[in-house]
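This is target16.cif. It holds mmCIF, C-alpha atoms.
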```
data_coords
#
loop_
_atom_site.label_atom_id
_atom_site.label_comp_id
_atom_site.auth_asym_id
_atom_site.auth_seq_id
_atom_site.Cartn_x
_atom_site.Cartn_y
_atom_site.Cartn_z
CA MET A 1 -3.03 -21.16 -8.29
CA GLN A 2 -5.24 -22.06 -11.25
CA THR A 3 -7.00 -18.71 -11.04
CA GLU A 4 -3.70 -16.88 -11.18
CA ILE A 5 -2.62 -18.88 -14.25
CA GLN A 6 -5.97 -18.19 -15.87
CA ALA A 7 -5.63 -14.48 -15.15
CA LEU A 8 -2.16 -14.47 -16.66
CA GLU A 9 -3.40 -16.25 -19.78
CA ARG A 10 -6.52 -14.16 -20.18
CA ASN A 11 -4.44 -11.01 -20.06
CA ASN A 12 -1.95 -12.19 -22.68
CA THR A 13 0.72 -11.30 -20.19
CA TRP A 14 3.53 -12.72 -22.29
CA SER A 15 4.43 -14.32 -25.60
CA LEU A 16 6.85 -17.17 -26.02
CA GLN A 17 9.99 -16.79 -28.06
CA HIS A 18 13.68 -17.54 -28.08
CA LEU A 19 15.98 -15.28 -26.13
CA PRO A 20 17.66 -12.81 -28.50
CA PRO A 21 21.45 -12.92 -28.21
CA GLY A 22 22.94 -10.49 -25.71
CA LYS A 23 19.72 -10.18 -23.69
CA LYS A 24 19.11 -11.46 -20.22
CA ALA A 25 15.96 -13.08 -18.94
CA LEU A 26 14.76 -12.31 -15.41
CA GLY A 27 13.86 -15.10 -13.07
CA CYS A 28 10.49 -15.46 -11.42
CA LYS A 29 8.90 -17.41 -8.65
CA TRP A 30 5.61 -18.29 -7.07
CA VAL A 31 4.62 -16.71 -3.79
CA TYR A 32 2.03 -18.58 -1.76
CA ARG A 33 0.02 -16.92 0.96
CA ILE A 34 -2.80 -17.97 3.21
CA LYS A 35 -5.53 -15.36 3.20
CA HIS A 36 -7.52 -15.05 6.41
CA ASN A 37 -10.98 -13.70 7.00
CA SER A 38 -11.38 -10.97 9.57
CA ASP A 39 -12.38 -13.57 12.17
CA GLY A 40 -9.18 -15.55 11.63
CA THR A 41 -10.58 -18.44 9.63
CA ILE A 42 -8.82 -19.37 6.42
CA GLU A 43 -10.44 -17.74 3.40
CA ARG A 44 -8.30 -19.17 0.63
CA PHE A 45 -4.83 -20.08 -0.46
CA LYS A 46 -3.43 -17.58 -2.84
CA ALA A 47 -0.69 -17.99 -5.41
CA ARG A 48 0.99 -15.07 -7.09
CA LEU A 49 3.59 -15.21 -9.81
CA VAL A 50 6.23 -12.56 -9.22
CA ILE A 51 9.17 -11.55 -11.36
CA LEU A 52 12.50 -10.80 -9.74
CA GLY A 53 12.47 -7.07 -10.38
CA ASN A 54 15.49 -6.63 -8.13
CA HIS A 55 17.63 -7.83 -11.05
CA GLN A 56 16.28 -5.18 -13.41
CA VAL A 57 18.81 -2.77 -14.89
CA GLU A 58 17.91 0.89 -15.29
CA GLY A 59 17.78 1.99 -18.93
CA VAL A 60 17.61 -1.60 -20.15
CA ASN A 61 14.32 -2.90 -18.87
CA TYR A 62 12.98 0.04 -16.93
CA THR A 63 13.24 3.81 -17.10
CA GLU A 64 10.55 5.73 -15.27
CA THR A 65 9.17 4.24 -12.06
CA PHE A 66 7.37 7.13 -10.41
CA ALA A 67 3.72 6.62 -9.57
CA SER A 68 1.61 9.00 -7.59
CA VAL A 69 -0.06 8.06 -4.34
CA ALA A 70 -3.21 9.72 -3.06
CA LYS A 71 -2.47 12.47 -0.58
CA MET A 72 -4.05 12.04 2.80
CA VAL A 73 -5.18 15.67 2.62
CA THR A 74 -7.17 14.80 -0.49
CA VAL A 75 -8.71 11.78 1.19
CA ARG A 76 -9.77 13.91 4.11
CA THR A 77 -11.13 16.65 1.86
CA VAL A 78 -13.19 14.22 -0.20
CA LEU A 79 -14.62 12.69 2.96
CA ALA A 80 -15.41 16.13 4.35
CA VAL A 81 -17.21 17.18 1.18
CA ALA A 82 -19.05 13.85 1.13
CA ALA A 83 -20.15 14.42 4.72
CA THR A 84 -21.50 17.91 4.10
CA LYS A 85 -23.21 17.00 0.84
CA ALA A 86 -24.47 13.66 2.20
CA TRP A 87 -22.93 11.76 -0.72
CA GLU A 88 -22.88 8.03 -0.82
CA LEU A 89 -19.40 6.58 -0.62
CA HIS A 90 -18.45 3.38 -2.39
CA GLN A 91 -15.25 1.50 -2.78
CA MET A 92 -14.06 -1.11 -5.20
CA ASP A 93 -11.12 -3.31 -5.84
CA VAL A 94 -9.49 -4.39 -9.08
CA HIS A 95 -8.35 -8.00 -9.21
CA ASN A 96 -4.76 -8.50 -10.28
CA ALA A 97 -4.44 -4.76 -10.76
CA PHE A 98 -0.82 -4.76 -11.83
CA LEU A 99 -1.42 -7.36 -14.51
CA HIS A 100 -3.52 -4.85 -16.45
CA GLY A 101 -0.76 -2.31 -17.00
CA ASP A 102 0.81 -2.23 -20.48
CA LEU A 103 4.52 -2.72 -20.52
CA HIS A 104 6.53 -0.54 -22.90
CA GLU A 105 10.00 -1.69 -21.99
CA GLU A 106 11.45 -4.93 -23.28
CA VAL A 107 11.48 -7.46 -20.48
CA PHE A 108 12.26 -11.16 -20.86
CA MET A 109 11.39 -13.69 -18.23
CA LYS A 110 12.40 -17.28 -17.72
CA MET A 111 9.64 -19.87 -17.78
CA PRO A 112 7.72 -19.90 -14.50
CA PRO A 113 8.34 -22.99 -12.37
CA GLY A 114 5.76 -25.61 -13.29
CA PHE A 115 5.27 -24.40 -16.87
CA SER A 116 6.70 -26.29 -19.79
CA THR A 117 6.70 -26.15 -23.56
CA GLU A 118 7.50 -28.66 -26.25
CA GLN A 119 10.43 -26.60 -27.44
CA GLN A 120 13.52 -26.12 -25.39
CA ASP A 121 15.08 -22.78 -24.42
CA MET A 122 11.89 -20.78 -24.76
CA ILE A 123 11.48 -17.67 -22.67
CA CYS A 124 8.59 -15.28 -22.11
CA LYS A 125 8.56 -11.77 -23.53
CA LEU A 126 6.32 -9.70 -21.30
CA ARG A 127 3.55 -7.62 -22.83
CA LYS A 128 1.79 -6.68 -19.65
CA SER A 129 3.37 -5.72 -16.39
CA LEU A 130 3.82 -8.50 -13.90
CA TYR A 131 3.97 -8.24 -10.13
CA GLY A 132 7.51 -7.49 -9.02
CA LEU A 133 8.65 -5.16 -11.79
CA LYS A 134 9.90 -1.78 -10.75
CA GLN A 135 7.61 0.07 -13.15
CA ASP A 136 4.47 -1.82 -12.07
CA PRO A 137 2.68 0.90 -10.13
CA ARG A 138 3.44 3.40 -12.88
CA CYS A 139 2.08 1.14 -15.66
CA TRP A 140 -1.05 0.45 -13.68
CA PHE A 141 -1.65 4.09 -12.87
CA ALA A 142 -1.23 5.06 -16.53
CA LYS A 143 -3.79 2.43 -17.50
CA LEU A 144 -6.26 3.42 -14.80
CA SER A 145 -6.08 7.15 -15.45
CA ALA A 146 -6.47 6.62 -19.21
CA ALA A 147 -9.53 4.45 -18.58
CA LEU A 148 -11.11 6.93 -16.18
CA LYS A 149 -10.49 9.84 -18.53
CA SER A 150 -12.18 7.95 -21.35
CA TYR A 151 -15.26 7.76 -19.12
CA GLY A 152 -15.18 11.54 -18.80
CA PHE A 153 -13.45 11.83 -15.47
CA ASN A 154 -11.27 14.86 -14.87
CA GLN A 155 -7.90 14.42 -13.26
CA SER A 156 -7.23 16.97 -10.56
CA TYR A 157 -4.19 19.21 -10.92
CA LEU A 158 -3.80 19.43 -7.17
CA ASP A 159 -3.56 15.70 -6.66
CA TYR A 160 -3.18 13.49 -9.70
CA SER A 161 -4.79 10.63 -7.82
CA LEU A 162 -8.11 12.44 -7.58
CA PHE A 163 -10.55 12.01 -10.43
CA THR A 164 -13.86 13.79 -10.58
CA LEU A 165 -16.92 13.48 -12.75
CA HIS A 166 -19.76 15.97 -12.76
CA GLN A 167 -23.15 14.91 -14.01
CA GLU A 168 -26.59 16.43 -14.15
CA ASP A 169 -28.21 16.41 -10.73
CA CYS A 170 -25.42 14.28 -9.26
CA GLY A 171 -21.72 14.67 -8.84
CA SER A 172 -19.39 11.74 -8.79
CA CYS A 173 -15.98 11.64 -7.37
CA LEU A 174 -13.38 8.98 -7.51
CA ARG A 175 -10.17 8.46 -5.74
CA ARG A 176 -7.58 5.80 -6.06
CA MET B 1 -13.19 -5.77 -10.60
CA LYS B 2 -14.99 -6.28 -7.36
CA ASP B 3 -17.49 -3.87 -5.86
CA LEU B 4 -16.76 -3.63 -2.17
CA GLY B 5 -19.98 -1.77 -1.52
CA VAL B 6 -20.33 1.19 0.76
CA LEU B 7 -17.08 2.60 2.07
CA LYS B 8 -16.30 0.80 5.34
CA TYR B 9 -12.59 0.15 5.61
CA PHE B 10 -9.89 1.52 3.38
CA LEU B 11 -6.24 2.47 3.78
CA ARG B 12 -6.45 0.85 7.23
CA ILE B 13 -9.06 3.40 8.29
CA GLU B 14 -12.45 2.33 9.54
CA VAL B 15 -15.24 4.51 8.22
CA ALA B 16 -18.66 4.75 9.87
CA ARG B 17 -21.49 6.80 8.47
CA TYR B 18 -23.88 8.71 10.70
CA PRO B 19 -26.67 11.09 9.74
CA THR B 20 -24.58 13.83 11.31
CA GLY B 21 -21.36 13.01 9.49
CA ILE B 22 -18.59 10.49 8.93
CA PHE B 23 -16.60 8.88 11.71
CA LEU B 24 -13.03 7.81 10.99
CA CYS B 25 -11.13 5.51 13.28
CA GLN B 26 -7.85 3.60 13.20
CA ARG B 27 -8.49 1.44 16.22
CA LYS B 28 -7.56 -1.71 14.33
CA TYR B 29 -4.34 -0.11 13.14
CA ALA B 30 -3.49 0.96 16.70
CA ARG B 31 -4.04 -2.61 17.81
CA ASP B 32 -1.71 -3.89 15.11
CA ILE B 33 0.99 -1.51 16.35
CA LYS B 34 0.54 -2.75 19.93
CA SER B 35 0.65 -6.36 18.89
CA GLU B 36 3.76 -5.85 16.76
CA ALA B 37 5.51 -4.13 19.69
CA LYS B 38 4.41 -7.08 21.85
CA LEU B 39 2.74 -4.66 24.24
CA LEU B 40 -0.80 -5.99 24.09
CA GLY B 41 -0.61 -6.91 27.76
CA ALA B 42 1.39 -3.87 28.85
CA LYS B 43 0.38 -1.41 31.52
CA PRO B 44 -1.11 1.70 29.93
CA THR B 45 0.41 5.11 30.52
CA ALA B 46 -1.62 8.27 30.90
CA THR B 47 0.52 10.41 28.59
CA PRO B 48 2.32 9.60 25.36
CA LEU B 49 5.56 11.31 26.37
CA GLU B 50 7.34 12.06 29.65
CA GLN B 51 7.20 15.59 30.96
CA ASN B 52 10.38 17.61 30.49
CA HIS B 53 11.92 14.89 28.39
CA ARG B 54 15.54 15.32 27.31
CA LEU B 55 15.33 13.08 24.27
CA SER B 56 17.51 15.30 22.09
CA LEU B 57 20.28 15.29 24.71
CA VAL B 58 20.43 11.59 25.52
CA ASP B 59 23.83 10.03 25.08
CA GLY B 60 23.15 6.32 25.21
CA SER B 61 23.91 3.35 23.05
CA LEU B 62 22.73 3.29 19.46
CA LEU B 63 20.00 0.83 18.57
CA SER B 64 21.47 -2.23 16.91
CA ASN B 65 18.36 -2.60 14.75
CA PRO B 66 17.16 0.89 13.74
CA GLU B 67 14.78 -0.70 11.20
CA GLN B 68 12.49 -1.61 14.06
CA TYR B 69 12.45 2.02 15.21
CA TRP B 70 11.89 3.33 11.68
CA ARG B 71 9.00 0.97 11.22
CA LEU B 72 7.32 1.81 14.52
CA VAL B 73 7.68 5.57 14.12
CA GLY B 74 6.53 5.28 10.51
CA ARG B 75 3.38 3.55 11.66
CA LEU B 76 2.83 6.14 14.39
CA ILE B 77 3.10 8.89 11.76
CA TYR B 78 0.27 7.26 9.83
CA LEU B 79 -1.74 6.84 13.02
CA CYS B 80 -1.63 10.62 13.46
CA PHE B 81 -4.14 10.82 10.61
CA THR B 82 -6.93 10.22 13.10
CA ARG B 83 -5.00 10.82 16.33
CA PRO B 84 -3.79 14.42 16.36
CA GLU B 85 -3.01 14.19 20.07
CA LEU B 86 -0.01 12.06 19.14
CA SER B 87 1.39 14.70 16.79
CA TYR B 88 3.79 16.23 19.28
CA SER B 89 5.29 12.93 20.46
CA VAL B 90 5.60 11.60 16.93
CA HIS B 91 7.18 14.84 15.80
CA ILE B 92 9.78 14.50 18.56
CA LEU B 93 10.39 10.81 17.85
CA SER B 94 10.87 11.43 14.12
CA GLN B 95 13.79 13.73 14.88
CA PHE B 96 15.93 10.75 15.82
CA MET B 97 15.32 8.61 12.77
CA HIS B 98 18.93 8.88 11.62
CA GLU B 99 20.53 7.65 14.87
CA PRO B 100 17.91 6.12 17.14
CA GLN B 101 19.18 5.25 20.62
CA THR B 102 17.76 2.95 23.25
CA ASP B 103 16.14 5.87 25.13
CA HIS B 104 14.32 6.90 21.94
CA TRP B 105 13.08 3.37 21.49
CA GLU B 106 11.81 3.37 25.08
CA ALA B 107 10.03 6.67 24.41
CA ALA B 108 8.44 5.20 21.28
CA LEU B 109 7.24 2.22 23.30
CA ARG B 110 5.74 4.63 25.81
CA VAL B 111 3.58 6.06 23.03
CA VAL B 112 2.43 2.52 22.28
CA ARG B 113 1.58 2.03 25.97
CA PHE B 114 -0.39 5.27 25.81
CA LEU B 115 -2.37 3.74 22.93
CA LYS B 116 -3.13 0.84 25.21
CA GLY B 117 -5.03 3.18 27.52
CA ASN B 118 -6.52 5.19 24.64
CA PRO B 119 -7.30 2.77 21.83
CA GLY B 120 -9.17 5.39 19.82
#
```
Render the structure in this file as structure tokens.
Amino acid sequence: MQTEIQALERNNTWSLQHLPPGKKALGCKWVYRIKHNSDGTIERFKARLVILGNHQVEGVNYTETFASVAKMVTVRTVLAVAATKAWELHQMDVHNAFLHGDLHEEVFMKMPPGFSTEQQDMICKLRKSLYGLKQDPRCWFAKLSAALKSYGFNQSYLDYSLFTLHQEDCGSCLRR
Amino acid sequence: MKDLGVLKYFLRIEVARYPTGIFLCQRKYARDIKSEAKLLGAKPTATPLEQNHRLSLVDGSLLSNPEQYWRLVGRLIYLCFTRPELSYSVHILSQFMHEPQTDHWEAALRVVRFLKGNPG
């Protein structure tokens, strides 16, 4: 739970302010899960703060929600090319992926359970996307593709989830 | 960011690298399907679908919980990624997504029992 709070703070996920009149703040809650290792032993206890995105209103605190998903055909093609060219294949994982996405809509959230401030009636104005919002995957994908492009990756027109990078004497390929 | 090293397991697909190529397998995923259908101890069948089935003509009772059917068939669709021999059965089963009946559910469970004999 501490690590989740730290991640939220490090990311500047929200700023505190008073609720402007006429606006509604969304609720949130903690979700606790027990993570198991592949052999069934307990790896860790995980806490995740989620916002109740099911109360979001279209046009008010979200507009676009589409986010692309890698096509299985692309996955297969990349693996086939990797097999013929004897490429090395690596995978990686981004911690708290959705917390990195920048939020453009105006979303207010009530104080998470367990948090408190000196002042009364404070609410959180979200700056970054938070797990549970409808636009989460979209925000995250926008962030990721912008980052990859800044490293020189090319986004494929055939599948927007495929990013490629060609270098001297080695080609690099990345897929979400 | 965490480097997970060489590609081993992603999107529920197990990946093994050989000098001759790449081997993909969804054995774990197939096991999850069996365990969710509570058919881990079931008797395996030799074929995924009955011969001369009349699934489109059945006139039985509608399933009271179609979600269960949607979920199972959805998972079977994904399993087809590495199991093309299931394509025909899954294609037939997906035709009844809008009004699944008990006979369709039984047919879907037969596919799961086929997986029992052919874990992949």
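When only C-alpha atoms are used to measure the gap to B:Glu50, the shortest distance among B:Gly117, B:Ser89, B:Leu7, B:Glu67 belongs to B:Ser89.
Using all atoms listed in the file, the part of chain A that sits within 8 Å of chain B is made up of A:Met72, A:Leu79, A:Ala80, A:Ala83, A:Thr84, A:Ala86, A:Glu88, A:Leu89, A:His90, A:Gln91, A:Met92, A:Asp93, A:Val94, A:His95.
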Go ahead and write the selection's residues with C-alpha atoms as a tab-separated table (two decimals), in the frame of the given file.
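Heads up, here's the output in again_15.tsv:
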```
chain	number	residue	atom	x	y	z
A	72	MET	CA	-4.05	12.04	2.80
A	79	LEU	CA	-14.62	12.69	2.96
A	80	ALA	CA	-15.41	16.13	4.35
A	83	ALA	CA	-20.15	14.42	4.72
A	84	THR	CA	-21.50	17.91	4.10
A	86	ALA	CA	-24.47	13.66	2.20
A	88	GLU	CA	-22.88	8.03	-0.82
A	89	LEU	CA	-19.40	6.58	-0.62
A	90	HIS	CA	-18.45	3.38	-2.39
A	91	GLN	CA	-15.25	1.50	-2.78
A	92	MET	CA	-14.06	-1.11	-5.20
A	93	ASP	CA	-11.12	-3.31	-5.84
A	94	VAL	CA	-9.49	-4.39	-9.08
A	95	HIS	CA	-8.35	-8.00	-9.21
```
Expansion of the PyMOL selection byres ((chain A and resi 78) around 12) into residues, as a tab-separated table (two decimals) with C-alpha atoms, in the frame of the given file:
```tsv
chain	number	residue	atom	x	y	z
A	70	ALA	CA	-3.21	9.72	-3.06
A	71	LYS	CA	-2.47	12.47	-0.58
A	72	MET	CA	-4.05	12.04	2.80
A	73	VAL	CA	-5.18	15.67	2.62
A	74	THR	CA	-7.17	14.80	-0.49
A	75	VAL	CA	-8.71	11.78	1.19
A	76	ARG	CA	-9.77	13.91	4.11
A	77	THR	CA	-11.13	16.65	1.86
A	79	LEU	CA	-14.62	12.69	2.96
A	80	ALA	CA	-15.41	16.13	4.35
A	81	VAL	CA	-17.21	17.18	1.18
A	82	ALA	CA	-19.05	13.85	1.13
A	83	ALA	CA	-20.15	14.42	4.72
A	84	THR	CA	-21.50	17.91	4.10
A	85	LYS	CA	-23.21	17.00	0.84
A	86	ALA	CA	-24.47	13.66	2.20
A	87	TRP	CA	-22.93	11.76	-0.72
A	88	GLU	CA	-22.88	8.03	-0.82
A	89	LEU	CA	-19.40	6.58	-0.62
A	159	ASP	CA	-3.56	15.70	-6.66
A	161	SER	CA	-4.79	10.63	-7.82
A	162	LEU	CA	-8.11	12.44	-7.58
A	163	PHE	CA	-10.55	12.01	-10.43
A	164	THR	CA	-13.86	13.79	-10.58
A	172	SER	CA	-19.39	11.74	-8.79
A	173	CYS	CA	-15.98	11.64	-7.37
A	174	LEU	CA	-13.38	8.98	-7.51
A	175	ARG	CA	-10.17	8.46	-5.74
A	176	ARG	CA	-7.58	5.80	-6.06
B	22	ILE	CA	-18.59	10.49	8.93
```
Quiz item: Contacts of stretch 97-110 of chain A at 10 Å or less, counting all atoms listed in the file, minus same-chain residues fewer than 3 places along, as a ChimeraX atom specification?
Solution: /A:7-8,11-20,23-29,51-52,56,59-63,93-94,113,121-133,135-144 /B:1
Self-check item: One-decimal distance in Å that lies between atom CA of A:Val50 and atom CA of A:Pro112
Solution: 9.2 Å
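The smallest atom-to-atom distance between B:Met97 and any of B:Ile33, B:Leu39, B:Leu72, B:Ala46, using all atoms listed in the file, is found for B:Leu72.
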Would you pick out the contacts of B:Ser56 at 12 Å or less, using all atoms listed in the file, so that residues sharing its chain but fewer than 3 positions from it are not included, and give the list as an mmCIF file with C-alpha atoms, in the coordinates of the input?
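Wrote it out as out.cif, contents follow:
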```cif
data_model
loop_
_atom_site.group_PDB
_atom_site.id
_atom_site.type_symbol
_atom_site.label_atom_id
_atom_site.label_comp_id
_atom_site.auth_asym_id
_atom_site.auth_seq_id
_atom_site.Cartn_x
_atom_site.Cartn_y
_atom_site.Cartn_z
ATOM 1 C CA ASN B 52 10.380 17.610 30.490
ATOM 2 C CA HIS B 53 11.920 14.890 28.390
ATOM 3 C CA ASP B 59 23.830 10.030 25.080
ATOM 4 C CA GLY B 60 23.150 6.320 25.210
ATOM 5 C CA ILE B 92 9.780 14.500 18.560
ATOM 6 C CA LEU B 93 10.390 10.810 17.850
ATOM 7 C CA SER B 94 10.870 11.430 14.120
ATOM 8 C CA GLN B 95 13.790 13.730 14.880
ATOM 9 C CA PHE B 96 15.930 10.750 15.820
ATOM 10 C CA MET B 97 15.320 8.610 12.770
ATOM 11 C CA GLU B 99 20.530 7.650 14.870
ATOM 12 C CA PRO B 100 17.910 6.120 17.140
ATOM 13 C CA GLN B 101 19.180 5.250 20.620
ATOM 14 C CA ASP B 103 16.140 5.870 25.130
ATOM 15 C CA HIS B 104 14.320 6.900 21.940
ATOM 16 C CA ALA B 107 10.030 6.670 24.410
#
```
Practice problem: Please provide the set of residues having any atom within 10 Å of stretch 31-36 of chain A, restricted to all atoms listed in the file, with same-chain residues fewer than 4 positions apart removed, written as a ChimeraX atom specification. | Solution: /A:1,40-50
Serialized selection, C-alpha atoms, as a tab-separated table (two decimals), in the frame of the given file:
```tsv
chain	number	residue	atom	x	y	z
A	1	MET	CA	-3.03	-21.16	-8.29
A	40	GLY	CA	-9.18	-15.55	11.63
A	41	THR	CA	-10.58	-18.44	9.63
A	42	ILE	CA	-8.82	-19.37	6.42
A	43	GLU	CA	-10.44	-17.74	3.40
A	44	ARG	CA	-8.30	-19.17	0.63
A	45	PHE	CA	-4.83	-20.08	-0.46
A	46	LYS	CA	-3.43	-17.58	-2.84
A	47	ALA	CA	-0.69	-17.99	-5.41
A	48	ARG	CA	0.99	-15.07	-7.09
A	49	LEU	CA	3.59	-15.21	-9.81
A	50	VAL	CA	6.23	-12.56	-9.22
```
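Shortest separation to B:Arg12 among B:Leu62, B:Lys43, B:Leu79, B:Glu36 occurs at residue B:Leu79, atoms counted being all atoms listed in the file.
When atom CA of B:Pro44 is paired with atom CA of B:Leu115, their separation reads 7.4 Å.
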